[in-house]
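Chemist: Here you go, this is work_26.cif (mmCIF, C-alpha atoms).
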data_work
loop_
_atom_site.group_PDB
_atom_site.id
_atom_site.type_symbol
_atom_site.label_atom_id
_atom_site.label_comp_id
_atom_site.auth_asym_id
_atom_site.auth_seq_id
_atom_site.Cartn_x
_atom_site.Cartn_y
_atom_site.Cartn_z
ATOM 1 C CA MET O 185 57.985 -38.879 113.828
ATOM 2 C CA LYS O 186 56.457 -41.098 111.183
ATOM 3 C CA SER O 187 54.174 -40.292 108.266
ATOM 4 C CA ILE O 188 50.887 -42.193 108.568
ATOM 5 C CA LEU O 189 47.984 -42.668 106.160
ATOM 6 C CA VAL O 190 44.735 -44.020 107.623
ATOM 7 C CA ILE O 191 42.046 -45.015 105.125
ATOM 8 C CA GLY O 192 38.563 -45.575 106.543
ATOM 9 C CA MET O 193 37.208 -43.356 109.296
ATOM 10 C CA GLY O 194 35.014 -45.793 111.134
ATOM 11 C CA ILE O 195 35.413 -46.086 114.910
ATOM 12 C CA LEU O 196 38.649 -48.059 114.559
ATOM 13 C CA GLY O 197 40.149 -45.689 112.002
ATOM 14 C CA GLN O 198 39.289 -42.635 114.086
ATOM 15 C CA HIS O 199 40.829 -44.049 117.252
ATOM 16 C CA LEU O 200 43.910 -45.241 115.378
ATOM 17 C CA ALA O 201 44.460 -41.890 113.663
ATOM 18 C CA ALA O 202 43.888 -39.932 116.870
ATOM 19 C CA LYS O 203 46.349 -42.054 118.845
ATOM 20 C CA MET O 204 48.963 -41.912 116.098
ATOM 21 C CA GLN O 205 48.664 -38.140 116.060
ATOM 22 C CA GLU O 206 48.783 -37.974 119.857
ATOM 23 C CA LEU O 207 52.075 -39.898 119.718
ATOM 24 C CA GLY O 208 53.559 -37.153 117.566
ATOM 25 C CA ASN O 209 53.187 -38.610 114.088
ATOM 26 C CA ASP O 210 52.150 -36.794 110.921
ATOM 27 C CA VAL O 211 48.737 -38.293 110.104
ATOM 28 C CA MET O 212 46.545 -38.015 107.030
ATOM 29 C CA ILE O 213 42.993 -39.353 107.197
ATOM 30 C CA VAL O 214 40.884 -40.407 104.210
ATOM 31 C CA ASP O 215 37.273 -41.513 103.850
ATOM 32 C CA LYS O 216 34.874 -41.625 100.926
ATOM 33 C CA ASP O 217 32.168 -39.937 103.018
ATOM 34 C CA GLU O 218 32.720 -36.192 102.726
ATOM 35 C CA ALA O 219 30.490 -35.470 105.733
ATOM 36 C CA VAL O 220 32.717 -37.640 107.929
ATOM 37 C CA ILE O 221 35.845 -35.839 106.746
ATOM 38 C CA GLN O 222 34.267 -32.438 107.318
ATOM 39 C CA LYS O 223 33.432 -33.477 110.872
ATOM 40 C CA LEU O 224 36.957 -34.738 111.593
ATOM 41 C CA SER O 225 39.000 -32.177 109.672
ATOM 42 C CA PRO O 226 39.285 -29.705 112.597
ATOM 43 C CA ALA O 227 41.220 -32.371 114.517
ATOM 44 C CA PHE O 228 43.456 -33.374 111.588
ATOM 45 C CA LYS O 229 45.310 -30.825 109.490
ATOM 46 C CA ASN O 230 45.660 -33.401 106.685
ATOM 47 C CA SER O 231 42.326 -34.876 105.636
ATOM 48 C CA PHE O 232 40.842 -35.885 102.295
ATOM 49 C CA ALA O 233 37.457 -37.079 101.060
ATOM 50 C CA GLY O 234 37.685 -39.579 98.230
ATOM 51 C CA ASP O 235 37.031 -43.136 97.128
ATOM 52 C CA CYS O 236 40.334 -44.962 97.532
ATOM 53 C CA THR O 237 39.243 -47.811 95.266
ATOM 54 C CA ASP O 238 39.967 -45.243 92.549
ATOM 55 C CA GLU O 239 43.659 -45.513 91.678
ATOM 56 C CA GLY O 240 43.719 -41.832 90.772
ATOM 57 C CA VAL O 241 42.750 -40.848 94.305
ATOM 58 C CA LEU O 242 45.531 -42.896 95.870
ATOM 59 C CA ARG O 243 48.048 -41.693 93.291
ATOM 60 C CA ALA O 244 47.163 -38.087 94.130
ATOM 61 C CA LEU O 245 47.858 -38.779 97.810
ATOM 62 C CA GLY O 246 51.428 -39.866 97.064
ATOM 63 C CA VAL O 247 51.099 -43.085 99.018
ATOM 64 C CA ASN O 248 54.749 -44.030 98.522
ATOM 65 C CA ASN O 249 55.714 -41.109 100.771
ATOM 66 C CA PHE O 250 54.048 -42.568 103.876
ATOM 67 C CA ASP O 251 55.914 -44.805 106.306
ATOM 68 C CA TYR O 252 52.738 -46.759 107.047
ATOM 69 C CA CYS O 253 49.413 -47.034 105.242
ATOM 70 C CA PHE O 254 46.534 -48.442 107.297
ATOM 71 C CA VAL O 255 43.468 -49.829 105.543
ATOM 72 C CA ALA O 256 40.931 -49.687 108.369
ATOM 73 C CA ILE O 257 37.778 -50.353 106.357
ATOM 74 C CA GLY O 258 35.360 -52.489 108.337
ATOM 75 C CA GLU O 259 32.378 -53.707 106.356
ATOM 76 C CA ASP O 260 33.338 -53.583 102.667
ATOM 77 C CA PHE O 261 35.979 -56.286 102.389
ATOM 78 C CA TYR O 262 36.118 -56.082 98.588
ATOM 79 C CA ALA O 263 37.016 -52.397 98.855
ATOM 80 C CA SER O 264 39.704 -53.277 101.394
ATOM 81 C CA LEU O 265 41.181 -55.808 98.966
ATOM 82 C CA GLU O 266 41.182 -53.320 96.106
ATOM 83 C CA ILE O 267 42.758 -50.560 98.140
ATOM 84 C CA THR O 268 45.434 -52.835 99.585
ATOM 85 C CA SER O 269 46.349 -54.059 96.101
ATOM 86 C CA ILE O 270 46.483 -50.561 94.592
ATOM 87 C CA LEU O 271 48.582 -49.251 97.474
ATOM 88 C CA LYS O 272 51.243 -51.879 96.820
ATOM 89 C CA GLU O 273 51.121 -51.319 93.059
ATOM 90 C CA LEU O 274 51.746 -47.613 93.652
ATOM 91 C CA GLY O 275 54.793 -48.335 95.815
ATOM 92 C CA ALA O 276 53.423 -47.947 99.341
ATOM 93 C CA GLN O 277 56.227 -48.812 101.740
ATOM 94 C CA TYR O 278 54.243 -50.779 104.330
ATOM 95 C CA VAL O 279 50.536 -51.629 104.182
ATOM 96 C CA ILE O 280 48.624 -52.789 107.253
ATOM 97 C CA SER O 281 45.079 -53.997 106.567
ATOM 98 C CA LYS O 282 42.164 -54.984 108.767
ATOM 99 C CA ALA O 283 40.580 -58.427 108.592
ATOM 100 C CA LYS O 284 37.704 -60.025 110.468
ATOM 101 C CA ARG O 285 38.442 -63.640 109.609
ATOM 102 C CA ALA O 286 41.470 -65.797 108.809
ATOM 103 C CA ARG O 287 40.265 -66.289 105.237
ATOM 104 C CA GLN O 288 40.185 -62.530 104.710
ATOM 105 C CA ALA O 289 43.725 -62.281 106.071
ATOM 106 C CA GLU O 290 44.918 -64.888 103.576
ATOM 107 C CA PHE O 291 43.507 -62.904 100.666
ATOM 108 C CA LEU O 292 44.928 -59.617 101.944
ATOM 109 C CA LYS O 293 48.405 -61.109 102.271
ATOM 110 C CA LYS O 294 48.202 -62.692 98.821
ATOM 111 C CA ILE O 295 47.489 -59.351 97.185
ATOM 112 C CA GLY O 296 50.292 -57.582 99.015
ATOM 113 C CA ALA O 297 49.431 -56.588 102.599
ATOM 114 C CA ASP O 298 52.607 -56.481 104.666
ATOM 115 C CA GLU O 299 50.657 -57.057 107.851
ATOM 116 C CA VAL O 300 47.076 -57.929 108.768
ATOM 117 C CA PHE O 301 45.396 -57.209 112.086
ATOM 118 C CA TYR O 302 42.224 -58.645 113.636
ATOM 119 C CA PRO O 303 40.963 -56.103 116.200
ATOM 120 C CA GLU O 304 37.813 -58.041 117.092
ATOM 121 C CA ARG O 305 39.628 -61.363 117.459
ATOM 122 C CA GLU O 306 42.496 -59.846 119.437
ATOM 123 C CA ILE O 307 40.100 -58.158 121.855
ATOM 124 C CA ALA O 308 38.065 -61.358 122.226
ATOM 125 C CA GLU O 309 41.169 -63.453 122.936
ATOM 126 C CA LYS O 310 42.450 -60.927 125.468
ATOM 127 C CA LEU O 311 39.107 -60.836 127.283
ATOM 128 C CA ALA O 312 38.860 -64.630 127.272
ATOM 129 C CA VAL O 313 42.305 -65.053 128.834
ATOM 130 C CA ARG O 314 41.718 -62.279 131.355
ATOM 131 C CA TYR O 315 38.398 -63.597 132.635
ATOM 132 C CA ASN O 316 39.165 -67.306 132.306
ATOM 133 C CA ALA O 317 41.901 -67.106 134.931
ATOM 134 C CA THR O 318 41.884 -65.696 138.436
ATOM 135 C CA ASN O 319 43.056 -62.132 139.074
ATOM 136 C CA ILE O 320 44.448 -61.327 135.630
ATOM 137 C CA PHE O 321 44.347 -57.527 135.318
ATOM 138 C CA ASP O 322 46.081 -57.197 131.969
ATOM 139 C CA TYR O 323 47.509 -59.501 129.314
ATOM 140 C CA ILE O 324 49.758 -59.029 126.297
ATOM 141 C CA PRO O 325 50.493 -62.108 124.142
ATOM 142 C CA LEU O 326 54.046 -62.419 122.845
ATOM 143 C CA THR O 327 54.231 -65.924 121.347
ATOM 144 C CA SER O 328 52.092 -69.051 121.462
ATOM 145 C CA GLU O 329 53.769 -69.901 124.793
ATOM 146 C CA TYR O 330 54.854 -66.663 126.441
ATOM 147 C CA SER O 331 52.871 -63.588 127.461
ATOM 148 C CA ILE O 332 53.055 -60.590 129.773
ATOM 149 C CA PHE O 333 50.536 -60.453 132.629
ATOM 150 C CA GLU O 334 49.605 -58.067 135.408
ATOM 151 C CA ILE O 335 48.564 -59.916 138.564
ATOM 152 C CA PRO O 336 48.329 -59.057 142.282
ATOM 153 C CA ILE O 337 50.927 -60.322 144.716
ATOM 154 C CA LEU O 338 50.205 -63.044 147.241
ATOM 155 C CA PRO O 339 49.205 -61.569 150.645
ATOM 156 C CA GLU O 340 52.105 -63.373 152.364
ATOM 157 C CA TRP O 341 54.608 -61.504 150.167
ATOM 158 C CA ILE O 342 53.889 -58.158 151.844
ATOM 159 C CA GLY O 343 56.978 -56.998 153.767
ATOM 160 C CA LYS O 344 59.274 -59.458 151.967
ATOM 161 C CA ASN O 345 61.645 -58.697 149.110
ATOM 162 C CA ILE O 346 61.976 -60.277 145.674
ATOM 163 C CA ILE O 347 65.108 -62.242 146.572
ATOM 164 C CA THR O 348 63.425 -63.780 149.611
ATOM 165 C CA ILE O 349 60.319 -64.768 147.661
ATOM 166 C CA ASP O 350 62.484 -66.236 144.869
ATOM 167 C CA VAL O 351 59.681 -65.833 142.336
ATOM 168 C CA ARG O 352 61.688 -66.985 139.305
ATOM 169 C CA ASN O 353 62.661 -70.348 140.761
ATOM 170 C CA LYS O 354 59.458 -71.043 142.677
ATOM 171 C CA PHE O 355 56.968 -69.954 140.039
ATOM 172 C CA GLN O 356 58.940 -69.919 136.738
ATOM 173 C CA VAL O 357 58.045 -66.302 135.913
ATOM 174 C CA ASN O 358 60.144 -63.140 135.706
ATOM 175 C CA ILE O 359 59.042 -59.872 137.303
ATOM 176 C CA ILE O 360 59.556 -56.988 134.867
ATOM 177 C CA ALA O 361 57.730 -54.259 136.799
ATOM 178 C CA ILE O 362 55.889 -53.435 140.011
ATOM 179 C CA LYS O 363 52.625 -51.524 139.766
ATOM 180 C CA ASN O 364 50.807 -49.866 142.661
ATOM 181 C CA GLN O 365 47.710 -47.972 141.540
ATOM 182 C CA ASN O 366 49.028 -45.425 138.990
ATOM 183 C CA HIS O 367 52.704 -45.806 139.898
ATOM 184 C CA LEU O 368 54.886 -48.139 137.840
ATOM 185 C CA MET O 369 58.406 -49.238 138.755
ATOM 186 C CA PRO O 370 60.121 -50.976 135.809
ATOM 187 C CA VAL O 371 62.790 -53.646 136.372
ATOM 188 C CA PRO O 372 62.734 -53.659 140.190
ATOM 189 C CA GLY O 373 65.870 -54.773 142.032
ATOM 190 C CA GLY O 374 66.003 -57.929 144.079
ATOM 191 C CA HIS O 375 65.838 -55.979 147.347
ATOM 192 C CA TYR O 376 62.485 -54.367 146.509
ATOM 193 C CA THR O 377 60.094 -55.008 149.411
ATOM 194 C CA PHE O 378 56.509 -55.782 148.457
ATOM 195 C CA LYS O 379 53.817 -53.437 149.734
ATOM 196 C CA GLU O 380 50.078 -53.777 150.181
ATOM 197 C CA ASN O 381 48.142 -53.383 146.902
ATOM 198 C CA ASP O 382 51.238 -54.113 144.792
ATOM 199 C CA HIS O 383 50.709 -55.808 141.448
ATOM 200 C CA ILE O 384 53.507 -57.522 139.548
ATOM 201 C CA VAL O 385 53.947 -57.379 135.806
ATOM 202 C CA VAL O 386 55.473 -60.703 134.819
ATOM 203 C CA ILE O 387 56.604 -62.517 131.705
ATOM 204 C CA GLY O 388 56.237 -66.263 131.502
ATOM 205 C CA LYS O 389 54.328 -69.227 130.152
ATOM 206 C CA SER O 390 50.584 -68.768 130.481
ATOM 207 C CA ASN O 391 50.078 -71.958 132.501
ATOM 208 C CA ASP O 392 52.752 -70.936 135.011
ATOM 209 C CA VAL O 393 51.202 -67.495 135.453
ATOM 210 C CA PHE O 394 47.714 -69.019 135.850
ATOM 211 C CA LYS O 395 49.045 -71.305 138.615
ATOM 212 C CA LEU O 396 50.514 -68.294 140.412
ATOM 213 C CA SER O 397 47.460 -66.083 139.951
ATOM 214 C CA SER O 398 45.188 -68.830 141.290
ATOM 215 C CA LYS O 399 47.025 -68.540 144.631
ATOM 216 C CA THR O 400 46.146 -64.843 144.950
ATOM 217 C CA LYS O 401 42.473 -65.443 145.865
#
Could you quickly redo this structure as C-alpha cells?
Modeler:
Amino acid sequence: MKSILVIGMGILGQHLAAKMQELGNDVMIVDKDEAVIQKLSPAFKNSFAGDCTDEGVLRALGVNNFDYCFVAIGEDFYASLEITSILKELGAQYVISKAKRARQAEFLKKIGADEVFYPEREIAEKLAVRYNATNIFDYIPLTSEYSIFEIPILPEWIGKNIITIDVRNKFQVNIIAIKNQNHLMPVPGGHYTFKENDHIVVIGKSNDVFKLSSKTK
C-alpha cells in the first residue's frame, strides 16, 4: 500500500484518486473548491479543501510523508507550476504533474517535477495508432520502436498451435498472452492450439505488428 496525495479534483483527478484507492492505496484528495470536497468526501476518508498555492496549506498536509504527490490541475497552469515547486521545496518524495503541451512539461521539470504526464496527448496517440491500422484492439507504447498490441489471429491459424505457426520467425513478434473474450491466458506454451475468436497480445516493432494485423481482414 502506498500513500497518495492527489491535488485537483477535476475529472482526471477524481478518476485517478478513485482508481488509486480501489487498488488499495491510502489516498488523500485536495481541491480549493470546498463544494467539490464536500461532494467527494463520503468516498474518501482523507479529504481537504484548501488552496495549495499557499505554502501553509501544503505544509499542514505533511507532503513529505506521501509516496507520490499528483498535481492534476487542468486549466490553471501557473497554479500547477507553483504547487509543483512548493511540493519539492517542502521535501515531497516524488511529484507527478500534468501538462498539456511539451513547453509546459519543460517548465514543470525545471522547477522540480519528477515526472510529467500528458493525458490528452497519450489518449490521442493511442487512438491514432489503434484506428490507423487494421484490427488493433489495444495498444501500449513501450519505447519509440516497441509496443504491446492486441490483435485477432489469422483465420487459417484456427486448429494449429503456436509452434506450427512459428509466429516469432515468420512475423517478428512475440506472443505474450492469448485473449478470448474475457478470458486471458498469459505466456501460452508452444503447444497451445488457436481457437475461434482468439486474440493474441504481442510485443514487437509497430511496423511488424501492422503488417501482421493487415492480414487479419
Chemist: Which value, in Å to one decimal, gives the distance between atom CA of O:Ala312 and atom CA of O:Lys363?
Modeler: 22.7 Å
Chemist: Translate the PyMOL selection byres ((chain O and resi 365) around 8) into a concrete residue list for this structure, as number ranges by chain.
Modeler: O: 363-364, 366-367, 381-382
Chemist: Rounded to one decimal, what separation in Å do you get between atom CA of O:Ile295 and atom CA of O:Lys310?
Modeler: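 We find that atom CA of O:Ile295 and atom CA of O:Lys310 lie 28.8 Å from each other.
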Chemist: Please write as a compact mmCIF listing (two decimals) with C-alpha atoms, keeping the file's coordinate frame the full residue list that the PyMOL selection byres ((chain O and resi 189-200) around 10) yields on this file.
Modeler:
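Generated file (selection-v5.txt):
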# COMPACT_ATOMS: atom_id res chain seq x y z
CA LYS O 186 56.46 -41.10 111.18
CA SER O 187 54.17 -40.29 108.27
CA ILE O 188 50.89 -42.19 108.57
CA ALA O 201 44.46 -41.89 113.66
CA ALA O 202 43.89 -39.93 116.87
CA LYS O 203 46.35 -42.05 118.84
CA MET O 204 48.96 -41.91 116.10
CA GLN O 205 48.66 -38.14 116.06
CA GLU O 206 48.78 -37.97 119.86
CA ASP O 210 52.15 -36.79 110.92
CA VAL O 211 48.74 -38.29 110.10
CA MET O 212 46.54 -38.02 107.03
CA ILE O 213 42.99 -39.35 107.20
CA VAL O 214 40.88 -40.41 104.21
CA ASP O 215 37.27 -41.51 103.85
CA LYS O 216 34.87 -41.62 100.93
CA ASP O 217 32.17 -39.94 103.02
CA VAL O 220 32.72 -37.64 107.93
CA ILE O 221 35.84 -35.84 106.75
CA LEU O 224 36.96 -34.74 111.59
CA ASN O 230 45.66 -33.40 106.68
CA SER O 231 42.33 -34.88 105.64
CA PHE O 232 40.84 -35.88 102.30
CA GLY O 234 37.68 -39.58 98.23
CA ASP O 235 37.03 -43.14 97.13
CA CYS O 236 40.33 -44.96 97.53
CA LEU O 245 47.86 -38.78 97.81
CA VAL O 247 51.10 -43.08 99.02
CA ASN O 249 55.71 -41.11 100.77
CA PHE O 250 54.05 -42.57 103.88
CA ASP O 251 55.91 -44.80 106.31
CA TYR O 252 52.74 -46.76 107.05
CA CYS O 253 49.41 -47.03 105.24
CA PHE O 254 46.53 -48.44 107.30
CA VAL O 255 43.47 -49.83 105.54
CA ALA O 256 40.93 -49.69 108.37
CA ILE O 257 37.78 -50.35 106.36
CA GLY O 258 35.36 -52.49 108.34
CA GLU O 259 32.38 -53.71 106.36
CA SER O 264 39.70 -53.28 101.39
CA ILE O 267 42.76 -50.56 98.14
CA VAL O 279 50.54 -51.63 104.18
CA ILE O 280 48.62 -52.79 107.25
CA SER O 281 45.08 -54.00 106.57
CA LYS O 282 42.16 -54.98 108.77
CA PRO O 303 40.96 -56.10 116.20
Chemist: When the PyMOL selection byres ((chain O and resi 348-354) around 10) is applied to the structure above, which residues does it catch, written out as a list in words?
Modeler: Glu340, Trp341, Lys344, Asn345, Ile346, Ile347, Phe355, Gln356, Val357, Asn358, Ile359, Gly374, His375, Tyr376, Thr377, Phe378, Val386, Gly388 and Leu396 of chain O
Chemist: Suppose you want the space between atom CA of O:Thr318 and atom CA of O:Arg305; what is it in Å?
Modeler: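 One can read the atom CA of O:Thr318 to atom CA of O:Arg305 distance as 21.5 Å.
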Chemist: Could you name the residues that touch O:Thr327 at 12 Å or less, counting all atoms listed in the file, but leaving out those on the same chain fewer than 4 positions away, as a list in words?
Modeler: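 Near O:Thr327, the qualifying residues are Ser331, Ile332, Ile387, Gly388, Lys389 and Ser390 of chain O.
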Chemist: Draw an axis-aligned box over all listed atoms of stretch 342-359 of chain O, pad each side with 6 Å, and write its centre and edge lengths in Å, one decimal, as lines of an AutoDock Vina configuration file.
Modeler:
center_x = 59.5
center_y = -64.0
center_z = 144.7
size_x = 23.2
size_y = 26.0
size_z = 30.1
Chemist: Please rebuild stretch 237-248 of chain O with all heavy atoms and return the result as an mmCIF file, in the coordinates of the input.
Modeler:
data_model
loop_
_atom_site.group_PDB
_atom_site.id
_atom_site.type_symbol
_atom_site.label_atom_id
_atom_site.label_comp_id
_atom_site.auth_asym_id
_atom_site.auth_seq_id
_atom_site.Cartn_x
_atom_site.Cartn_y
_atom_site.Cartn_z
ATOM 1 N N THR O 237 39.205 -46.729 96.246
ATOM 2 C CA THR O 237 39.243 -47.811 95.266
ATOM 3 C C THR O 237 39.565 -47.246 93.884
ATOM 4 O O THR O 237 39.813 -48.008 92.947
ATOM 5 C CB THR O 237 37.897 -48.564 95.210
ATOM 6 O OG1 THR O 237 36.849 -47.660 94.857
ATOM 7 C CG2 THR O 237 37.585 -49.213 96.555
ATOM 8 N N ASP O 238 39.574 -45.933 93.775
ATOM 9 C CA ASP O 238 39.967 -45.243 92.549
ATOM 10 C C ASP O 238 41.477 -45.007 92.601
ATOM 11 O O ASP O 238 41.974 -44.276 93.468
ATOM 12 C CB ASP O 238 39.218 -43.911 92.451
ATOM 13 C CG ASP O 238 39.537 -43.138 91.173
ATOM 14 O OD1 ASP O 238 40.557 -43.421 90.520
ATOM 15 O OD2 ASP O 238 38.760 -42.222 90.839
ATOM 16 N N GLU O 239 42.205 -45.630 91.685
ATOM 17 C CA GLU O 239 43.659 -45.513 91.678
ATOM 18 C C GLU O 239 44.106 -44.059 91.615
ATOM 19 O O GLU O 239 45.120 -43.680 92.221
ATOM 20 C CB GLU O 239 44.240 -46.290 90.495
ATOM 21 C CG GLU O 239 45.756 -46.241 90.429
ATOM 22 C CD GLU O 239 46.313 -47.053 89.277
ATOM 23 O OE1 GLU O 239 45.672 -48.038 88.885
ATOM 24 O OE2 GLU O 239 47.397 -46.691 88.778
ATOM 25 N N GLY O 240 43.351 -43.237 90.897
ATOM 26 C CA GLY O 240 43.719 -41.832 90.772
ATOM 27 C C GLY O 240 43.729 -41.103 92.099
ATOM 28 O O GLY O 240 44.570 -40.224 92.333
ATOM 29 N N VAL O 241 42.807 -41.473 92.983
ATOM 30 C CA VAL O 241 42.750 -40.848 94.305
ATOM 31 C C VAL O 241 43.998 -41.199 95.107
ATOM 32 O O VAL O 241 44.638 -40.327 95.697
ATOM 33 C CB VAL O 241 41.473 -41.291 95.055
ATOM 34 C CG1 VAL O 241 41.516 -40.848 96.515
ATOM 35 C CG2 VAL O 241 40.234 -40.738 94.371
ATOM 36 N N LEU O 242 44.345 -42.472 95.109
ATOM 37 C CA LEU O 242 45.531 -42.896 95.870
ATOM 38 C C LEU O 242 46.809 -42.323 95.265
ATOM 39 O O LEU O 242 47.734 -41.934 95.984
ATOM 40 C CB LEU O 242 45.611 -44.421 95.917
ATOM 41 C CG LEU O 242 44.563 -45.117 96.806
ATOM 42 C CD1 LEU O 242 44.730 -46.626 96.725
ATOM 43 C CD2 LEU O 242 44.672 -44.652 98.251
ATOM 44 N N ARG O 243 46.864 -42.255 93.958
ATOM 45 C CA ARG O 243 48.048 -41.693 93.291
ATOM 46 C C ARG O 243 48.226 -40.223 93.697
ATOM 47 O O ARG O 243 49.344 -39.765 93.942
ATOM 48 C CB ARG O 243 47.915 -41.824 91.776
ATOM 49 C CG ARG O 243 49.199 -41.527 91.021
ATOM 50 C CD ARG O 243 48.988 -41.662 89.530
ATOM 51 N NE ARG O 243 48.653 -43.038 89.146
ATOM 52 C CZ ARG O 243 49.574 -43.974 88.951
ATOM 53 N NH1 ARG O 243 50.857 -43.708 89.110
ATOM 54 N NH2 ARG O 243 49.191 -45.190 88.590
ATOM 55 N N ALA O 244 47.104 -39.507 93.768
ATOM 56 C CA ALA O 244 47.163 -38.087 94.130
ATOM 57 C C ALA O 244 47.652 -37.886 95.564
ATOM 58 O O ALA O 244 48.229 -36.845 95.887
ATOM 59 C CB ALA O 244 45.791 -37.449 93.953
ATOM 60 N N LEU O 245 47.424 -38.883 96.422
ATOM 61 C CA LEU O 245 47.858 -38.779 97.810
ATOM 62 C C LEU O 245 49.360 -39.009 97.981
ATOM 63 O O LEU O 245 49.916 -38.689 99.035
ATOM 64 C CB LEU O 245 47.102 -39.796 98.680
ATOM 65 C CG LEU O 245 45.595 -39.574 98.835
ATOM 66 C CD1 LEU O 245 44.969 -40.744 99.587
ATOM 67 C CD2 LEU O 245 45.308 -38.269 99.565
ATOM 68 N N GLY O 246 50.000 -39.569 96.963
ATOM 69 C CA GLY O 246 51.428 -39.866 97.064
ATOM 70 C C GLY O 246 51.712 -40.923 98.108
ATOM 71 O O GLY O 246 52.520 -40.717 99.021
ATOM 72 N N VAL O 247 51.052 -42.066 97.965
ATOM 73 C CA VAL O 247 51.099 -43.085 99.018
ATOM 74 C C VAL O 247 52.500 -43.629 99.288
ATOM 75 O O VAL O 247 52.778 -44.123 100.376
ATOM 76 C CB VAL O 247 50.138 -44.254 98.690
ATOM 77 C CG1 VAL O 247 48.698 -43.763 98.658
ATOM 78 C CG2 VAL O 247 50.501 -44.922 97.381
ATOM 79 N N ASN O 248 53.390 -43.521 98.327
ATOM 80 C CA ASN O 248 54.749 -44.030 98.522
ATOM 81 C C ASN O 248 55.558 -43.158 99.483
ATOM 82 O O ASN O 248 56.658 -43.528 99.900
ATOM 83 C CB ASN O 248 55.482 -44.142 97.185
ATOM 84 C CG ASN O 248 55.559 -42.820 96.450
ATOM 85 O OD1 ASN O 248 54.543 -42.125 96.327
ATOM 86 N ND2 ASN O 248 56.731 -42.458 95.949
#
